[in-house]
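Next up, data.cif (mmCIF, C-alpha atoms and all ligand atoms):
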```cif
data_model
#
loop_
_atom_site.label_atom_id
_atom_site.label_comp_id
_atom_site.auth_asym_id
_atom_site.auth_seq_id
_atom_site.Cartn_x
_atom_site.Cartn_y
_atom_site.Cartn_z
CA MET X 1 2.77 -21.25 -15.14
CA LYS X 2 3.50 -21.37 -11.44
CA TYR X 3 3.84 -17.94 -9.87
CA LYS X 4 5.91 -17.14 -6.81
CA TYR X 5 3.05 -15.37 -5.03
CA LYS X 6 -0.59 -16.34 -5.40
CA ARG X 7 -2.24 -13.89 -2.99
CA LEU X 8 -0.79 -10.48 -2.27
CA LEU X 9 -1.55 -7.35 -0.36
CA LEU X 10 -0.48 -4.23 -2.25
CA LYS X 11 -0.02 -1.00 -0.33
CA LEU X 12 -0.18 2.21 -2.34
CA SER X 13 0.46 5.50 -0.62
CA GLY X 14 -1.61 8.57 -1.28
CA GLU X 15 1.56 10.18 -2.60
CA ALA X 16 1.88 7.51 -5.28
CA LEU X 17 -1.60 8.49 -6.52
CA MET X 18 -0.66 12.17 -6.44
CA GLY X 19 1.99 11.59 -9.12
CA LYS X 20 3.52 14.93 -10.10
CA LYS X 21 0.76 16.99 -8.48
CA LYS X 22 0.96 18.62 -5.06
CA PHE X 23 -2.48 17.47 -3.88
CA GLY X 24 -5.15 15.02 -4.99
CA ILE X 25 -5.05 12.39 -7.70
CA ASP X 26 -3.13 12.35 -10.98
CA LYS X 27 -5.21 10.43 -13.50
CA ILE X 28 -2.19 9.31 -15.50
CA TYR X 29 -0.59 7.73 -12.45
CA ILE X 30 -3.72 6.06 -11.07
CA ASN X 31 -4.49 4.66 -14.51
CA ARG X 32 -0.94 3.31 -14.72
CA TYR X 33 -1.39 1.47 -11.41
CA ALA X 34 -4.74 0.08 -12.54
CA GLU X 35 -3.08 -1.24 -15.72
CA GLU X 36 -0.29 -2.87 -13.68
CA ILE X 37 -2.80 -4.46 -11.30
CA LYS X 38 -4.86 -5.73 -14.23
CA LYS X 39 -1.81 -7.58 -15.61
CA ILE X 40 -1.51 -9.71 -12.49
CA VAL X 41 -5.23 -10.15 -11.87
CA ASN X 42 -5.55 -11.50 -15.41
CA ILE X 43 -3.01 -14.24 -14.73
CA GLY X 44 -4.96 -15.36 -11.65
CA ILE X 45 -3.13 -13.58 -8.82
CA GLN X 46 -5.39 -12.66 -5.89
CA VAL X 47 -4.95 -8.96 -5.15
CA ALA X 48 -6.00 -7.06 -2.03
CA ILE X 49 -5.09 -3.40 -1.73
CA VAL X 50 -4.64 -0.88 1.07
CA ILE X 51 -4.47 2.76 -0.04
CA GLY X 52 -3.15 5.68 1.97
CA GLY X 53 -4.59 9.17 2.04
CA GLY X 54 -1.57 11.46 2.37
CA ASN X 55 -2.36 13.11 -0.98
CA PHE X 56 -5.34 14.70 0.80
CA PHE X 57 -4.99 14.63 4.60
CA ARG X 58 -2.90 13.13 7.36
CA GLY X 59 -4.29 13.61 10.87
CA LEU X 60 -0.87 14.42 12.29
CA LYS X 61 -0.31 17.24 9.79
CA ILE X 62 -3.62 19.10 10.12
CA ASN X 63 -2.71 21.32 13.04
CA PHE X 64 -5.89 23.41 12.99
CA ILE X 65 -8.17 20.43 13.67
CA ASN X 66 -8.01 18.11 16.66
CA ARG X 67 -5.95 14.99 16.02
CA ILE X 68 -8.79 12.50 16.19
CA TYR X 69 -10.99 14.38 13.72
CA GLY X 70 -7.92 14.86 11.54
CA ASP X 71 -7.34 11.13 11.53
CA TYR X 72 -10.94 10.53 10.48
CA MET X 73 -10.37 13.04 7.67
CA GLY X 74 -7.28 11.01 6.75
CA MET X 75 -9.34 7.82 6.76
CA MET X 76 -11.96 9.49 4.58
CA SER X 77 -9.15 10.44 2.19
CA THR X 78 -8.21 6.78 1.85
CA LEU X 79 -11.84 6.09 0.94
CA ILE X 80 -11.75 8.78 -1.78
CA ASN X 81 -8.60 7.18 -3.21
CA SER X 82 -10.12 3.71 -2.99
CA ILE X 83 -13.24 4.77 -4.87
CA ALA X 84 -11.04 6.37 -7.55
CA LEU X 85 -8.94 3.22 -7.99
CA LYS X 86 -12.09 1.09 -8.06
CA SER X 87 -13.39 3.22 -10.90
CA PHE X 88 -10.17 2.98 -12.92
CA LEU X 89 -9.96 -0.79 -12.38
CA GLU X 90 -13.61 -1.28 -13.33
CA ASN X 91 -12.98 0.66 -16.56
CA LEU X 92 -10.44 -2.06 -17.35
CA GLY X 93 -12.98 -4.81 -16.70
CA ILE X 94 -11.81 -5.82 -13.20
CA THR X 95 -14.44 -6.32 -10.49
CA VAL X 96 -13.59 -4.51 -7.28
CA ILE X 97 -15.13 -4.71 -3.84
CA LEU X 98 -14.44 -2.16 -1.12
CA GLN X 99 -14.43 -3.36 2.48
CA THR X 100 -14.03 -0.79 5.23
CA PRO X 101 -14.31 -0.97 8.99
CA MET X 102 -16.25 2.35 8.89
CA SER X 103 -19.97 2.55 8.09
CA ILE X 104 -20.39 3.86 4.55
CA GLY X 105 -22.95 1.41 3.20
CA GLN X 106 -23.65 3.16 -0.09
CA ILE X 107 -20.23 2.52 -1.64
CA SER X 108 -18.45 0.01 0.58
CA GLU X 109 -19.26 -3.14 2.46
CA LYS X 110 -18.32 -3.44 6.10
CA TYR X 111 -15.01 -5.23 6.52
CA ASN X 112 -15.51 -8.97 6.93
CA ILE X 113 -12.50 -11.25 6.70
CA ASN X 114 -14.39 -14.34 5.52
CA LYS X 115 -16.07 -12.39 2.75
CA SER X 116 -12.74 -10.76 1.77
CA ILE X 117 -11.13 -14.13 1.27
CA LYS X 118 -14.16 -15.45 -0.63
CA TYR X 119 -14.06 -12.43 -2.98
CA LEU X 120 -10.33 -12.85 -3.55
CA LYS X 121 -10.78 -16.54 -4.39
CA GLU X 122 -13.48 -15.58 -6.89
CA GLY X 123 -10.97 -13.33 -8.68
CA ASN X 124 -12.20 -9.94 -7.48
CA VAL X 125 -9.83 -7.23 -6.33
CA VAL X 126 -10.61 -6.24 -2.74
CA ILE X 127 -9.67 -2.73 -1.58
CA PHE X 128 -9.57 -1.93 2.14
CA PRO X 129 -10.27 1.80 2.62
CA SER X 130 -9.97 3.66 5.96
CA GLY X 131 -6.99 1.68 7.22
CA ILE X 132 -8.04 -0.20 10.31
CA GLY X 133 -10.67 2.44 11.09
CA ILE X 134 -9.05 3.73 14.29
CA PRO X 135 -7.34 7.10 14.84
CA TYR X 136 -3.58 7.20 15.59
CA PHE X 137 -2.83 4.44 13.07
CA THR X 138 -1.50 4.57 9.53
CA THR X 139 -2.25 2.65 6.38
CA ASP X 140 1.22 1.02 6.54
CA THR X 141 0.13 -0.60 9.78
CA ALA X 142 -3.22 -1.45 8.16
CA ALA X 143 -1.42 -3.08 5.22
CA ILE X 144 0.45 -5.38 7.60
CA ILE X 145 -2.65 -6.23 9.65
CA ARG X 146 -4.85 -6.90 6.61
CA GLY X 147 -2.01 -8.82 4.96
CA LEU X 148 -1.81 -11.06 8.02
CA GLU X 149 -5.59 -11.47 8.18
CA ILE X 150 -5.99 -12.54 4.55
CA ASN X 151 -2.88 -14.70 4.86
CA ALA X 152 -1.16 -12.91 1.97
CA ASP X 153 1.97 -14.61 0.59
CA ILE X 154 3.63 -11.22 0.41
CA ILE X 155 2.99 -7.57 1.25
CA LEU X 156 4.11 -5.21 -1.49
CA LYS X 157 4.60 -1.52 -0.94
CA GLY X 158 4.54 0.37 -4.23
CA THR X 159 6.50 3.62 -4.10
CA LYS X 160 8.05 6.20 -6.44
CA VAL X 161 11.59 4.93 -5.81
CA ASP X 162 13.30 1.60 -6.48
CA GLY X 163 13.47 0.34 -2.89
CA VAL X 164 14.95 1.20 0.48
CA TYR X 165 18.04 3.43 0.44
CA ASN X 166 20.48 4.35 3.21
CA ILE X 167 19.38 8.00 2.79
CA ASP X 168 16.10 9.41 1.49
CA PRO X 169 16.59 9.43 -2.32
CA ILE X 170 13.95 12.12 -2.83
CA ILE X 171 15.56 14.58 -0.39
CA TYR X 172 19.20 13.78 -1.26
CA LYS X 173 18.90 13.67 -5.05
CA ASN X 174 22.57 14.33 -5.84
CA LYS X 175 24.23 12.46 -2.98
CA TYR X 176 25.64 8.93 -3.28
CA LYS X 177 23.10 6.45 -1.98
CA LYS X 178 23.04 2.74 -1.49
CA ILE X 179 19.96 0.61 -2.14
CA TYR X 180 19.42 -2.46 0.04
CA ASN X 181 18.62 -5.79 -1.63
CA ASN X 182 17.20 -6.91 1.68
CA ILE X 183 17.13 -5.74 5.27
CA SER X 184 15.34 -6.90 8.42
CA PHE X 185 12.58 -4.82 10.03
CA LYS X 186 14.70 -4.76 13.18
CA LYS X 187 17.86 -3.46 11.52
CA ALA X 188 15.98 -0.93 9.38
CA TYR X 189 14.37 0.49 12.49
CA LYS X 190 17.60 0.43 14.49
CA ILE X 191 19.55 2.42 11.90
CA GLY X 192 16.68 4.90 11.56
CA LEU X 193 15.34 4.15 8.07
CA LYS X 194 11.97 5.84 7.92
CA PHE X 195 9.99 4.07 5.23
CA MET X 196 7.26 3.12 7.73
CA ASP X 197 6.11 4.14 11.20
CA GLN X 198 7.22 2.39 14.38
CA THR X 199 3.98 0.42 14.87
CA ALA X 200 4.27 -1.04 11.38
CA PHE X 201 7.93 -1.94 11.98
CA THR X 202 7.07 -3.70 15.24
CA LEU X 203 4.17 -5.64 13.72
CA GLY X 204 6.28 -6.67 10.75
CA HIS X 205 9.08 -7.86 12.98
CA GLU X 206 6.89 -9.69 15.51
CA ASN X 207 4.89 -11.54 12.89
CA ASN X 208 7.71 -12.60 10.55
CA ILE X 209 6.22 -10.61 7.69
CA LYS X 210 7.88 -10.60 4.30
CA MET X 211 7.48 -7.34 2.46
CA ILE X 212 8.89 -5.94 -0.78
CA ILE X 213 9.28 -2.23 -1.34
CA PHE X 214 9.44 -1.50 -5.06
CA ASN X 215 8.91 1.12 -7.74
CA ILE X 216 5.29 0.92 -8.89
CA ASN X 217 5.97 3.47 -11.62
CA LYS X 218 8.26 1.16 -13.58
CA LYS X 219 6.14 -0.68 -16.09
CA GLY X 220 5.93 -4.43 -15.50
CA ASN X 221 7.51 -4.40 -12.01
CA LEU X 222 4.43 -5.80 -10.28
CA LYS X 223 4.20 -8.74 -12.66
CA LYS X 224 7.95 -9.34 -12.49
CA ILE X 225 7.68 -9.68 -8.70
CA VAL X 226 4.91 -12.28 -8.86
CA CYS X 227 6.99 -14.16 -11.44
CA GLY X 228 9.86 -14.31 -8.92
CA GLU X 229 12.24 -11.66 -10.31
CA LYS X 230 14.32 -9.79 -7.74
CA ILE X 231 12.85 -6.28 -7.80
CA GLY X 232 13.08 -3.70 -5.01
CA THR X 233 14.11 -4.31 -1.40
CA ILE X 234 12.95 -7.32 0.59
CA ILE X 235 12.12 -6.58 4.23
CA TYR X 236 11.91 -9.59 6.52
N1 LIG H 1 -5.52 6.88 9.43
C1 LIG H 1 -6.01 6.52 10.68
N2 LIG H 1 -6.16 5.19 10.99
C2 LIG H 1 -5.85 4.19 10.11
C3 LIG H 1 -5.32 4.55 8.86
C4 LIG H 1 -5.16 5.89 8.54
O1 LIG H 1 -6.30 7.38 11.50
O2 LIG H 1 -6.03 2.99 10.45
C5 LIG H 1 -5.45 8.30 9.05
C6 LIG H 1 -4.20 9.02 9.57
O3 LIG H 1 -4.50 10.37 9.84
C7 LIG H 1 -3.28 8.93 8.35
C8 LIG H 1 -4.26 9.17 7.21
O4 LIG H 1 -5.42 8.44 7.62
O5 LIG H 1 -2.24 9.89 8.39
C9 LIG H 1 -3.82 8.73 5.85
O6 LIG H 1 -3.13 7.49 5.90
P1 LIG H 1 -1.52 7.40 5.70
O7 LIG H 1 -0.84 8.55 6.38
O8 LIG H 1 -1.10 6.03 6.12
O9 LIG H 1 -1.43 7.59 4.12
P2 LIG H 1 -0.14 7.47 3.13
O10 LIG H 1 1.04 8.03 3.88
O11 LIG H 1 0.05 6.04 2.82
O12 LIG H 1 -0.56 8.28 1.95
#
```
Take the structure in this file and express it as structure tokens.
Ligand code: UDP
Amino acid sequence: MKYKYKRLLLKLSGEALMGKKKFGIDKIYINRYAEEIKKIVNIGIQVAIVIGGGNFFRGLKINFINRIYGDYMGMMSTLINSIALKSFLENLGITVILQTPMSIGQISEKYNINKSIKYLKEGNVVIFPSGIGIPYFTTDTAAIIRGLEINADIILKGTKVDGVYNIDPIIYKNKYKKIYNNISFKKAYKIGLKFMDQTAFTLGHENNIKMIIFNINKKGNLKKIVCGEKIGTIIY
């Protein structure tokens, strides 16, 4: 069978790993994501992953520590999440390689684009912890940069909701909301939709990125996307 996307970059936020908890990792949720990823790896899709760290720390939010150290704590959080997902994927028989721009030789290789692509072609999942390894950035920006570097056919952002809405569906639970089938980075930014930070919006727009924001908690969604079904919101 011919699939719509052969190589993809999946972005998972720390919050997605947190599931119903208020902090940390929910094993039911992370296992669910590992199962979903396995389904597409087993049909030959090349999967690279960027994980956030907001379930532990975000530099901007830790007001008792200076911003730069806070950001490093955030980056370390993404490493914790990456190691956890690696473990769950390996339990399902998937080989996983971590590649980070930081120096943590015991558990992760140093990021190397040529090696990343080689590993993907060999059928391994490659996880990129620590974003791009520089304070003041986010893992959404890292997802776009790594997606561009590995020449991903698509960047997928797995969230708890079905796509991009005109108002935040988690805050405004009972209010009427409209979901977009597709929307440009430019328009989304102009009308103030806040599903990513400004740097990520700009990079997406300037580099003609195609991204899909979808619900990672709905069973089968990831595979449906690679098979070409219209799921979530397309950002272009
Ligand atoms: N971070 C950073 N540089 C990067 C990526 C992440 O400094 O290249 C830090 C930053 O403090 C960020 C935190 O790591 O808030 C966790 O990442 P993010 O907020 O993107 O996680 P998510 O919202 O996806 O859970």
Counting all atoms listed in the file, which protein, DNA or RNA residues come within 8 Å of ligand LIG 1 (chain H), given as JSON, numbers by chain?
{"X": [11, 12, 13, 14, 15, 16, 51, 52, 53, 54, 55, 56, 57, 58, 59, 60, 61, 67, 68, 70, 71, 72, 73, 74, 75, 76, 77, 78, 130, 131, 132, 133, 134, 135, 136, 137, 138, 139, 140, 141, 142]}
Taken to one decimal, the CA of Pro169 (chain X)-CA of Val50 (chain X) distance is 23.8 Å
Contacts of Arg32 (chain X) at 9 Å (only C-alpha atoms; same-chain gap of 5+ positions) as a list in words
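Using only C-alpha atoms, the neighbours found are Lys27, Ile37, Ile216, Asn217 and Lys219 of chain X.
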So that I can see what lies close to Gly93 (chain X), please list as a PyMOL selection string the residues with an atom at most 12 Å from it, counting only C-alpha atoms and leaving out residues fewer than 2 positions away in the same chain.
chain X and resi 34-35+37-39+41-42+86-91+95-96+123-125
Given the selection you just returned, output its residues as a file containing C-alpha atoms, formatted as a PDB file, keeping the file's coordinate frame.
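Result saved to again.pdb:
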```pdb
ATOM      1  CA  ALA X  34      -4.740   0.080 -12.540  1.00  0.00           C
ATOM      2  CA  GLU X  35      -3.080  -1.240 -15.720  1.00  0.00           C
ATOM      3  CA  ILE X  37      -2.800  -4.460 -11.300  1.00  0.00           C
ATOM      4  CA  LYS X  38      -4.860  -5.730 -14.230  1.00  0.00           C
ATOM      5  CA  LYS X  39      -1.810  -7.580 -15.610  1.00  0.00           C
ATOM      6  CA  VAL X  41      -5.230 -10.150 -11.870  1.00  0.00           C
ATOM      7  CA  ASN X  42      -5.550 -11.500 -15.410  1.00  0.00           C
ATOM      8  CA  LYS X  86     -12.090   1.090  -8.060  1.00  0.00           C
ATOM      9  CA  SER X  87     -13.390   3.220 -10.900  1.00  0.00           C
ATOM     10  CA  PHE X  88     -10.170   2.980 -12.920  1.00  0.00           C
ATOM     11  CA  LEU X  89      -9.960  -0.790 -12.380  1.00  0.00           C
ATOM     12  CA  GLU X  90     -13.610  -1.280 -13.330  1.00  0.00           C
ATOM     13  CA  ASN X  91     -12.980   0.660 -16.560  1.00  0.00           C
ATOM     14  CA  THR X  95     -14.440  -6.320 -10.490  1.00  0.00           C
ATOM     15  CA  VAL X  96     -13.590  -4.510  -7.280  1.00  0.00           C
ATOM     16  CA  GLY X 123     -10.970 -13.330  -8.680  1.00  0.00           C
ATOM     17  CA  ASN X 124     -12.200  -9.940  -7.480  1.00  0.00           C
ATOM     18  CA  VAL X 125      -9.830  -7.230  -6.330  1.00  0.00           C
TER      19      VAL X 125
END
```
List as a PyMOL selection string the residues having at least one atom at most 12 Å from position (4.0, -22.1, -8.4) as given in the file, counting all atoms listed in the file.
chain X and resi 1-7+44-45+153+226-228
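Nearest to Ile94 (chain X) of all the residues X:Ile107, X:Ile225, X:Val126, X:Ile155 is X:Val126, based on only C-alpha atoms.
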Interatomic distance, CA of Ile191 (chain X) to CA of Ile179 (chain X) (Å, one decimal):
14.2 Å
So which one's closest to Thr199 (chain X), X:Pro129, X:Asn215, X:Phe185, X:Lys230? Using all atoms listed in the file, please.
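Result for the nearest residue to Thr199 (chain X): X:Phe185.
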Selection: 8 Å around Ile150 (chain X), all atoms listed in the file, excl. self and same-chain fewer than 6 positions, as a PyMOL selection string:
chain X and resi 113+116-117
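Among the candidates X:Asn221, X:Asn151, X:Asn181, X:Asn208, the residue lying nearest to Gln46 (chain X) is X:Asn151 (atoms considered: all atoms listed in the file).
Comparing the minimum interatomic distances between Ile83 (chain X) and each of X:Gln198, X:Tyr111, X:Tyr189, X:Ile127, counting all atoms listed in the file, we find that X:Ile127 sits nearest.
Across the model, the gap from CA of Lys223 (chain X) to CA of Asn114 (chain X) is 26.6 Å.
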List the spatial neighbours of Lys178 (chain X) as a compact mmCIF listing (two decimals) with C-alpha atoms, in the frame of the given file - criterion: any atom at most 8 Å away, all atoms listed in the file, same-chain residues fewer than 2 positions off excluded.
```txt
# COMPACT_ATOMS: atom_id res chain seq x y z
CA TYR X 165 18.04 3.43 0.44
CA ASN X 166 20.48 4.35 3.21
CA ILE X 167 19.38 8.00 2.79
CA TYR X 176 25.64 8.93 -3.28
CA TYR X 180 19.42 -2.46 0.04
```
Let me make sure I understand: among X:Lys20, X:Lys190, X:Lys210, X:His205, which one has the smallest atom-to-atom distance to Thr233 (chain X) if we use all atoms listed in the file?
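Counting all atoms listed in the file, the residue closest to Thr233 (chain X) is X:Lys210.
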Grab all the atoms of region 88-106 of chain X that the file lists, wrap them in a box along x, y and z, add 6 Å per side, and give me centre plus edge lengths in Å (one decimal) as JSON.
```
{"center_x": -16.8, "center_y": -1.2, "center_z": -4.2, "size_x": 25.7, "size_y": 22.2, "size_z": 38.3}
```
Min atom-atom distance to Gly158 (chain X) from the set X:Ala200, X:Met18, X:Ile171, X:Ile212, counting all atoms listed in the file, belongs to X:Ile212
